[in-house]
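Listing of structure_16.tsv; format and content: TSV, C-alpha atoms.
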chain	number	residue	atom	x	y	z
A	12	ASP	CA	-122.03	74.09	-9.68
A	13	ALA	CA	-124.59	72.09	-7.75
A	14	LYS	CA	-128.05	72.37	-9.30
A	15	THR	CA	-129.83	71.31	-6.11
A	16	THR	CA	-129.34	71.91	-2.39
A	17	GLN	CA	-130.58	69.46	0.23
A	18	PRO	CA	-130.03	69.21	3.99
A	19	PRO	CA	-127.45	66.53	4.77
A	20	SER	CA	-129.64	64.67	7.27
A	21	MET	CA	-133.11	64.53	8.79
A	22	ASP	CA	-134.92	62.43	11.37
A	23	CYS	CA	-138.56	61.38	11.29
A	24	ALA	CA	-140.66	59.40	13.77
A	25	GLU	CA	-142.11	56.18	12.46
A	26	GLY	CA	-145.68	56.64	11.25
A	27	ARG	CA	-145.32	60.38	10.81
A	28	ALA	CA	-144.97	62.23	7.53
A	29	ALA	CA	-141.42	62.84	6.32
A	30	ASN	CA	-140.99	66.13	4.46
A	31	LEU	CA	-137.73	66.37	2.54
A	32	PRO	CA	-136.91	69.81	1.09
A	33	CYS	CA	-134.89	70.62	-2.00
A	34	ASN	CA	-133.80	73.98	-3.38
A	35	HIS	CA	-133.26	74.33	-7.12
A	36	SER	CA	-133.23	78.08	-7.63
A	37	THR	CA	-131.56	77.92	-11.07
A	38	ILE	CA	-133.99	75.43	-12.58
A	39	SER	CA	-134.94	76.23	-16.17
A	40	GLY	CA	-138.43	76.09	-17.64
A	41	ASN	CA	-138.04	72.70	-19.29
A	42	GLU	CA	-136.27	70.93	-16.45
A	43	TYR	CA	-138.06	68.35	-14.33
A	44	VAL	CA	-137.51	67.59	-10.67
A	45	TYR	CA	-136.76	63.92	-9.96
A	46	TRP	CA	-136.41	62.08	-6.68
A	47	TYR	CA	-134.47	58.87	-6.16
A	48	ARG	CA	-133.52	57.10	-2.97
A	49	GLN	CA	-130.73	54.74	-2.05
A	50	ILE	CA	-131.30	52.25	0.73
A	51	HIS	CA	-128.09	51.19	2.43
A	52	SER	CA	-125.56	50.13	-0.24
A	53	GLN	CA	-128.26	49.22	-2.78
A	54	GLY	CA	-128.66	50.81	-6.19
A	55	PRO	CA	-130.74	54.01	-6.36
A	56	GLN	CA	-134.49	53.61	-6.80
A	57	TYR	CA	-136.76	56.02	-8.64
A	58	ILE	CA	-139.50	57.59	-6.49
A	59	ILE	CA	-141.31	60.36	-8.34
A	60	HIS	CA	-140.85	63.28	-10.72
A	61	GLY	CA	-142.67	66.45	-11.74
A	62	LEU	CA	-142.48	69.61	-13.84
A	63	LYS	CA	-144.70	72.22	-12.19
A	64	ASN	CA	-147.79	70.49	-10.88
A	65	ASN	CA	-147.90	68.55	-7.66
A	66	GLU	CA	-147.61	64.81	-8.20
A	67	THR	CA	-148.58	61.77	-6.16
A	68	ASN	CA	-147.95	58.07	-6.59
A	69	GLU	CA	-148.04	55.01	-4.38
A	70	MET	CA	-144.71	55.88	-2.80
A	71	ALA	CA	-144.78	59.62	-2.22
A	72	SER	CA	-146.06	63.09	-3.06
A	73	LEU	CA	-144.07	65.87	-4.69
A	74	ILE	CA	-144.94	69.49	-3.98
A	75	ILE	CA	-143.30	72.06	-6.28
A	76	THR	CA	-143.54	75.76	-5.44
A	77	GLU	CA	-145.20	78.07	-7.92
A	78	ASP	CA	-141.88	79.70	-8.85
A	79	ARG	CA	-140.37	76.18	-9.18
A	80	LYS	CA	-137.33	77.19	-7.15
A	81	SER	CA	-137.93	74.58	-4.49
A	82	SER	CA	-139.81	71.37	-3.88
A	83	THR	CA	-140.70	68.97	-1.07
A	84	LEU	CA	-140.89	65.20	-1.18
A	85	ILE	CA	-143.48	63.86	1.23
A	86	LEU	CA	-143.54	60.30	2.53
A	87	PRO	CA	-146.97	60.30	4.17
A	88	HIS	CA	-146.43	57.55	6.77
A	89	ALA	CA	-142.73	56.86	7.16
A	90	THR	CA	-141.66	53.35	8.09
A	91	LEU	CA	-138.28	52.01	9.18
A	92	ARG	CA	-137.78	50.71	5.65
A	93	ASP	CA	-137.84	54.31	4.38
A	94	THR	CA	-134.49	54.98	6.07
A	95	ALA	CA	-132.29	55.89	3.11
A	96	VAL	CA	-130.44	58.66	1.32
A	97	TYR	CA	-132.84	60.72	-0.79
A	98	TYR	CA	-131.58	62.49	-3.91
A	99	CYS	CA	-133.26	65.46	-5.56
A	100	ILE	CA	-132.21	65.86	-9.18
A	101	VAL	CA	-133.15	68.34	-11.87
A	102	GLY	CA	-132.81	67.66	-15.56
A	103	GLN	CA	-134.41	67.94	-18.94
A	104	THR	CA	-136.27	65.16	-20.66
A	105	TYR	CA	-135.12	64.67	-24.22
A	106	SER	CA	-136.90	62.73	-26.88
A	107	GLY	CA	-133.64	61.92	-28.60
A	108	ALA	CA	-129.97	62.66	-28.13
A	109	GLY	CA	-129.14	64.75	-25.13
A	110	SER	CA	-127.73	64.58	-21.67
A	111	TYR	CA	-127.25	61.04	-20.48
A	112	GLN	CA	-125.93	61.83	-17.06
A	113	LEU	CA	-128.14	61.52	-14.03
A	114	THR	CA	-126.28	63.89	-11.71
A	115	PHE	CA	-126.47	62.84	-8.09
A	116	GLY	CA	-125.37	65.12	-5.26
A	117	LYS	CA	-124.89	63.96	-1.68
A	118	GLY	CA	-128.62	63.86	-0.93
A	119	THR	CA	-130.40	63.85	2.43
A	120	LYS	CA	-129.91	60.95	4.79
A	121	LEU	CA	-133.34	60.27	6.29
A	122	SER	CA	-133.42	58.27	9.50
A	123	VAL	CA	-136.83	56.93	10.53
A	124	ILE	CA	-136.86	56.44	14.27
A	125	PRO	CA	-139.10	53.88	16.05
B	9	ASN	CA	-137.79	39.56	-14.43
B	10	ALA	CA	-134.26	39.97	-13.06
B	11	GLY	CA	-133.79	43.62	-14.09
B	12	VAL	CA	-130.11	44.64	-13.94
B	13	THR	CA	-127.70	41.99	-12.66
B	14	GLN	CA	-124.16	42.83	-11.58
B	15	THR	CA	-121.36	40.41	-10.77
B	16	PRO	CA	-119.35	40.06	-8.64
B	17	LYS	CA	-120.86	41.73	-5.57
B	18	PHE	CA	-117.49	42.15	-3.86
B	19	ARG	CA	-113.90	42.03	-5.05
B	20	ILE	CA	-110.46	42.85	-3.65
B	21	LEU	CA	-107.77	43.64	-6.20
B	22	LYS	CA	-104.07	44.28	-5.82
B	23	ILE	CA	-102.59	47.39	-7.41
B	24	GLY	CA	-101.89	46.78	-11.09
B	25	GLN	CA	-104.28	43.85	-11.46
B	26	SER	CA	-107.08	43.83	-14.01
B	27	MET	CA	-110.68	42.76	-13.81
B	28	THR	CA	-114.02	43.01	-15.57
B	29	LEU	CA	-117.22	44.00	-13.82
B	30	GLN	CA	-120.17	42.32	-15.46
B	31	CYS	CA	-123.56	43.90	-16.06
B	32	ALA	CA	-126.56	42.32	-17.76
B	33	GLN	CA	-130.14	43.50	-18.21
B	34	ASP	CA	-133.15	41.57	-19.47
B	35	MET	CA	-135.50	44.49	-20.13
B	36	ASN	CA	-134.39	45.09	-23.73
B	37	HIS	CA	-133.22	48.57	-22.76
B	38	ASN	CA	-131.14	50.39	-25.33
B	39	TYR	CA	-129.29	52.63	-22.88
B	40	MET	CA	-126.85	51.39	-20.28
B	41	TYR	CA	-124.60	53.24	-17.85
B	42	TRP	CA	-121.78	52.70	-15.40
B	43	TYR	CA	-121.58	54.87	-12.30
B	44	ARG	CA	-119.17	54.86	-9.38
B	45	GLN	CA	-119.94	56.00	-5.86
B	46	ASP	CA	-117.21	56.91	-3.43
B	47	PRO	CA	-117.97	56.82	0.32
B	48	GLY	CA	-120.35	59.58	1.38
B	49	MET	CA	-120.59	60.96	-2.13
B	50	GLY	CA	-123.09	60.95	-4.97
B	51	LEU	CA	-122.80	58.88	-8.13
B	52	LYS	CA	-120.56	59.83	-11.02
B	53	LEU	CA	-120.99	58.59	-14.59
B	54	ILE	CA	-118.04	56.62	-15.98
B	55	TYR	CA	-119.27	55.42	-19.38
B	56	TYR	CA	-122.58	54.97	-21.14
B	57	SER	CA	-123.92	53.19	-24.21
B	58	VAL	CA	-126.84	54.10	-26.44
B	59	GLY	CA	-127.02	50.69	-28.08
B	60	ALA	CA	-125.00	47.69	-29.17
B	61	GLY	CA	-121.67	48.77	-30.62
B	62	ILE	CA	-121.91	52.39	-29.38
B	63	THR	CA	-120.26	53.67	-26.22
B	64	ASP	CA	-119.13	57.06	-24.96
B	65	LYS	CA	-117.32	58.62	-22.03
B	66	GLY	CA	-119.02	60.09	-19.01
B	67	GLU	CA	-117.64	62.36	-16.33
B	68	VAL	CA	-114.85	60.09	-14.96
B	69	PRO	CA	-113.72	57.62	-17.68
B	70	ASN	CA	-109.96	57.51	-16.99
B	71	GLY	CA	-108.72	54.06	-16.03
B	72	TYR	CA	-111.74	52.24	-17.43
B	73	ASN	CA	-112.89	50.72	-20.69
B	74	VAL	CA	-116.24	49.38	-21.85
B	75	SER	CA	-117.73	47.40	-24.70
B	76	ARG	CA	-121.29	46.71	-25.82
B	77	SER	CA	-121.44	43.76	-28.18
B	78	THR	CA	-125.05	42.89	-27.31
B	79	THR	CA	-128.08	44.81	-26.07
B	80	GLU	CA	-128.07	42.80	-22.85
B	81	ASP	CA	-124.48	43.11	-21.67
B	82	PHE	CA	-122.29	46.09	-20.78
B	83	PRO	CA	-119.04	45.02	-19.07
B	84	LEU	CA	-116.67	47.52	-17.43
B	85	ARG	CA	-112.93	46.77	-17.62
B	86	LEU	CA	-110.26	47.98	-15.20
B	87	GLU	CA	-106.85	47.40	-16.79
B	88	LEU	CA	-104.39	48.55	-14.10
B	89	ALA	CA	-106.17	48.84	-10.80
B	90	ALA	CA	-105.24	51.79	-8.58
B	91	PRO	CA	-106.29	52.62	-5.00
B	92	SER	CA	-108.26	55.60	-6.36
B	93	GLN	CA	-110.58	53.10	-8.03
B	94	THR	CA	-111.75	51.75	-4.68
B	95	SER	CA	-115.46	52.44	-4.88
B	96	VAL	CA	-118.91	50.94	-5.34
B	97	TYR	CA	-119.81	50.51	-8.98
B	98	PHE	CA	-123.40	50.62	-10.19
B	99	CYS	CA	-124.68	49.63	-13.58
B	100	ALA	CA	-127.99	51.05	-14.80
B	101	SER	CA	-130.20	50.85	-17.85
B	102	SER	CA	-133.06	52.81	-19.35
B	103	ARG	CA	-135.36	52.44	-22.32
B	104	ASN	CA	-134.92	56.02	-23.46
B	105	ALA	CA	-132.26	58.70	-23.19
B	106	GLY	CA	-132.81	61.70	-21.00
B	107	VAL	CA	-135.87	60.20	-19.37
B	108	PHE	CA	-134.53	60.29	-15.89
B	109	TYR	CA	-137.39	58.55	-14.19
B	110	GLY	CA	-136.78	55.41	-16.18
B	111	TYR	CA	-133.44	54.32	-14.78
B	112	THR	CA	-133.12	50.81	-13.29
B	113	PHE	CA	-130.00	50.23	-11.20
B	114	GLY	CA	-128.21	47.03	-10.30
B	115	SER	CA	-127.28	46.18	-6.72
B	116	GLY	CA	-123.65	47.23	-7.16
B	117	THR	CA	-120.12	45.83	-7.05
B	118	ARG	CA	-117.98	46.85	-4.07
B	119	LEU	CA	-114.34	47.02	-5.21
B	120	THR	CA	-111.33	47.51	-2.97
B	121	VAL	CA	-107.86	48.03	-4.45
B	122	VAL	CA	-104.98	47.40	-2.04
The structure given in the file should be rewritten as structure tokens.
Amino acid sequence: DAKTTQPPSMDCAEGRAANLPCNHSTISGNEYVYWYRQIHSQGPQYIIHGLKNNETNEMASLIITEDRKSSTLILPHATLRDTAVYYCIVGQTYSGAGSYQLTFGKGTKLSVIP
Amino acid sequence: NAGVTQTPKFRILKIGQSMTLQCAQDMNHNYMYWYRQDPGMGLKLIYYSVGAGITDKGEVPNGYNVSRSTTEDFPLRLELAAPSQTSVYFCASSRNAGVFYGYTFGSGTRLTVV
């Protein structure tokens, strides 16, 4: 069963904010939300992650709803170089032995349009 | 700092041939992984290693073998290539297990089996 649901594709005008939604209604209390992106044929790149508080870094912001059943990745000023497939992933963080698999779904293909 | 280096970038194999996909990292990461990505799909874990001399199967290990004789290198071996193994292969590494924001991916090897 898929742990996350994302729209298959989205468009965003260059310079505008890109808001990418993700549903994770079965998330458990100790699971984090992670976002990666994959720019055409390259290896995935980590963007941001969070547990229950909103997070911001130099790349993006992550807004997690209070019930933690959904989240939104925000790219504040999208550029053409942000065109990529964006993956929302949920998983636990272990201090030792545990799950080693980063489970990627199909993600959302974001197209930034000039 | 090279990160994760994969070679070759492209390869065409005939059915039944064998080859080794090379992966090397210079970050002194203990954990290394091999994923495959079929067209339009997410990534699936083939094998992983928690340190030199220790490897284990992921979600789709059939048809592949791995070894980890050093911390730096984690080669993936295809013994009898089949068309179903046509895919893009990504190697990744991380310092810790289950810390999903810490993955560094290579740029991939695009393999076609004909």
Who sits within 8 Å of Thr90 of chain A, all atoms listed in the file, same chain under 4 positions skipped, as a ChimeraX atom specification
/A:25-26,94,123
Any idea which chain B residues end up within 12 Å of chain A if we count all atoms listed in the file, as number ranges by chain please?
B: 11-14, 17-18, 39-58, 63-68, 95-118
What's the separation between atom CA of Gln17 of chain A and atom CA of Thr119 of chain A, in Å to one decimal place?
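Atom-to-atom, atom CA of Gln17 of chain A and atom CA of Thr119 of chain A are spaced 6.0 Å apart.
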Nearest candidate to Ile75 of chain A (options A:Lys120, A:His35, A:Lys14, A:Arg48; using all atoms listed in the file):
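Once distances to Ile75 of chain A are computed over all atoms listed in the file, the minimum belongs to A:His35.
The gap separating atom CA of Leu119 of chain B from atom CA of Ala95 of chain A is 21.7 Å, in Å to one decimal.
Considering only C-alpha atoms, the residue among B:Gly61, B:Pro91, B:Gly71, B:Pro83 positioned nearest to Ala32 of chain B is B:Pro83.
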Distance of atom CA of Ala71 of chain A from atom CA of Ala24 of chain A, expressed in Å to one decimal place:
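We find that atom CA of Ala24 of chain A and atom CA of Ala71 of chain A lie 16.5 Å from each other.
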Residues within 12 Å of (-147.6, 59.4, -0.5), file coordinates, counting only C-alpha atoms: what are they? Give the list as a PyMOL selection string.
chain A and resi 27-30+58-59+65-74+83-89
Skipping near chain neighbours, those fewer than 2 positions away, what residues fall within 8 Å of Leu86 of chain B using all atoms listed in the file, listed as a ChimeraX atom specification?
/B:26-28,71-73,84,88-89
Enumerate, as a list in words, the protein, DNA and RNA residues whose atoms approach (-142.5, 76.7, -7.4) to within 10 Å, taking into account only C-alpha atoms and the coordinate frame of the file.
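Output: Asn34, His35, Ser36, Leu62, Lys63, Asn64, Asn65, Ile74, Ile75, Thr76, Glu77, Asp78, Arg79, Lys80, Ser81 and Ser82 of chain A.
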Give me the box for segment 92-99 of chain B as JSON, namely the centre and edge lengths in Å to one decimal of a box along x, y and z that holds every listed atom plus 5 Å on each side.
{"center_x": -116.5, "center_y": 52.6, "center_z": -9.1, "size_x": 26.4, "size_y": 16.0, "size_z": 18.9}
Can you patch up segment 72-96 of chain A, filling it in to N, CA and C atoms, and show the result as a CSV table (one decimal), in the frame of the given file?
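Generated file (out_10.csv):
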chain,number,residue,atom,x,y,z
A,72,SER,N,-145.5,61.9,-2.4
A,72,SER,CA,-146.1,63.1,-3.1
A,72,SER,C,-144.9,64.1,-3.3
A,73,LEU,N,-145.1,64.8,-4.4
A,73,LEU,CA,-144.1,65.9,-4.7
A,73,LEU,C,-144.8,67.2,-4.8
A,74,ILE,N,-144.4,68.1,-4.0
A,74,ILE,CA,-144.9,69.5,-4.0
A,74,ILE,C,-143.9,70.4,-4.5
A,75,ILE,N,-144.2,71.1,-5.6
A,75,ILE,CA,-143.3,72.1,-6.3
A,75,ILE,C,-143.9,73.5,-6.1
A,76,THR,N,-143.0,74.4,-5.6
A,76,THR,CA,-143.5,75.8,-5.4
A,76,THR,C,-143.9,76.4,-6.8
A,77,GLU,N,-144.7,77.4,-6.7
A,77,GLU,CA,-145.2,78.1,-7.9
A,77,GLU,C,-144.1,78.6,-8.8
A,78,ASP,N,-143.0,79.2,-8.1
A,78,ASP,CA,-141.9,79.7,-8.8
A,78,ASP,C,-140.9,78.6,-9.3
A,79,ARG,N,-141.2,77.4,-8.9
A,79,ARG,CA,-140.4,76.2,-9.2
A,79,ARG,C,-139.0,76.2,-8.6
A,80,LYS,N,-138.7,77.1,-7.7
A,80,LYS,CA,-137.3,77.2,-7.2
A,80,LYS,C,-137.1,76.2,-6.0
A,81,SER,N,-138.1,75.6,-5.5
A,81,SER,CA,-137.9,74.6,-4.5
A,81,SER,C,-139.0,73.6,-4.6
A,82,SER,N,-138.8,72.4,-3.9
A,82,SER,CA,-139.8,71.4,-3.9
A,82,SER,C,-139.7,70.6,-2.6
A,83,THR,N,-140.7,69.8,-2.3
A,83,THR,CA,-140.7,69.0,-1.1
A,83,THR,C,-141.2,67.6,-1.4
A,84,LEU,N,-140.4,66.6,-1.1
A,84,LEU,CA,-140.9,65.2,-1.2
A,84,LEU,C,-141.6,64.8,0.1
A,85,ILE,N,-142.7,64.2,0.0
A,85,ILE,CA,-143.5,63.9,1.2
A,85,ILE,C,-143.7,62.4,1.2
A,86,LEU,N,-143.2,61.7,2.3
A,86,LEU,CA,-143.5,60.3,2.5
A,86,LEU,C,-144.6,60.3,3.6
A,87,PRO,N,-145.9,60.0,3.3
A,87,PRO,CA,-147.0,60.3,4.2
A,87,PRO,C,-146.9,59.6,5.5
A,88,HIS,N,-146.5,58.3,5.5
A,88,HIS,CA,-146.4,57.6,6.8
A,88,HIS,C,-145.1,56.8,6.8
A,89,ALA,N,-144.1,57.4,7.2
A,89,ALA,CA,-142.7,56.9,7.2
A,89,ALA,C,-142.6,55.6,8.0
A,90,THR,N,-142.0,54.6,7.4
A,90,THR,CA,-141.7,53.4,8.1
A,90,THR,C,-140.1,53.2,8.2
A,91,LEU,N,-139.7,52.2,9.0
A,91,LEU,CA,-138.3,52.0,9.2
A,91,LEU,C,-137.6,51.7,7.8
A,92,ARG,N,-138.3,51.1,6.9
A,92,ARG,CA,-137.8,50.7,5.6
A,92,ARG,C,-137.6,51.9,4.7
A,93,ASP,N,-138.1,53.1,5.1
A,93,ASP,CA,-137.8,54.3,4.4
A,93,ASP,C,-136.5,55.0,4.7
A,94,THR,N,-135.8,54.4,5.7
A,94,THR,CA,-134.5,55.0,6.1
A,94,THR,C,-133.6,54.8,4.9
A,95,ALA,N,-133.1,55.9,4.3
A,95,ALA,CA,-132.3,55.9,3.1
A,95,ALA,C,-131.7,57.3,2.8
A,96,VAL,N,-130.9,57.4,1.8
A,96,VAL,CA,-130.4,58.7,1.3
A,96,VAL,C,-131.3,59.0,0.1
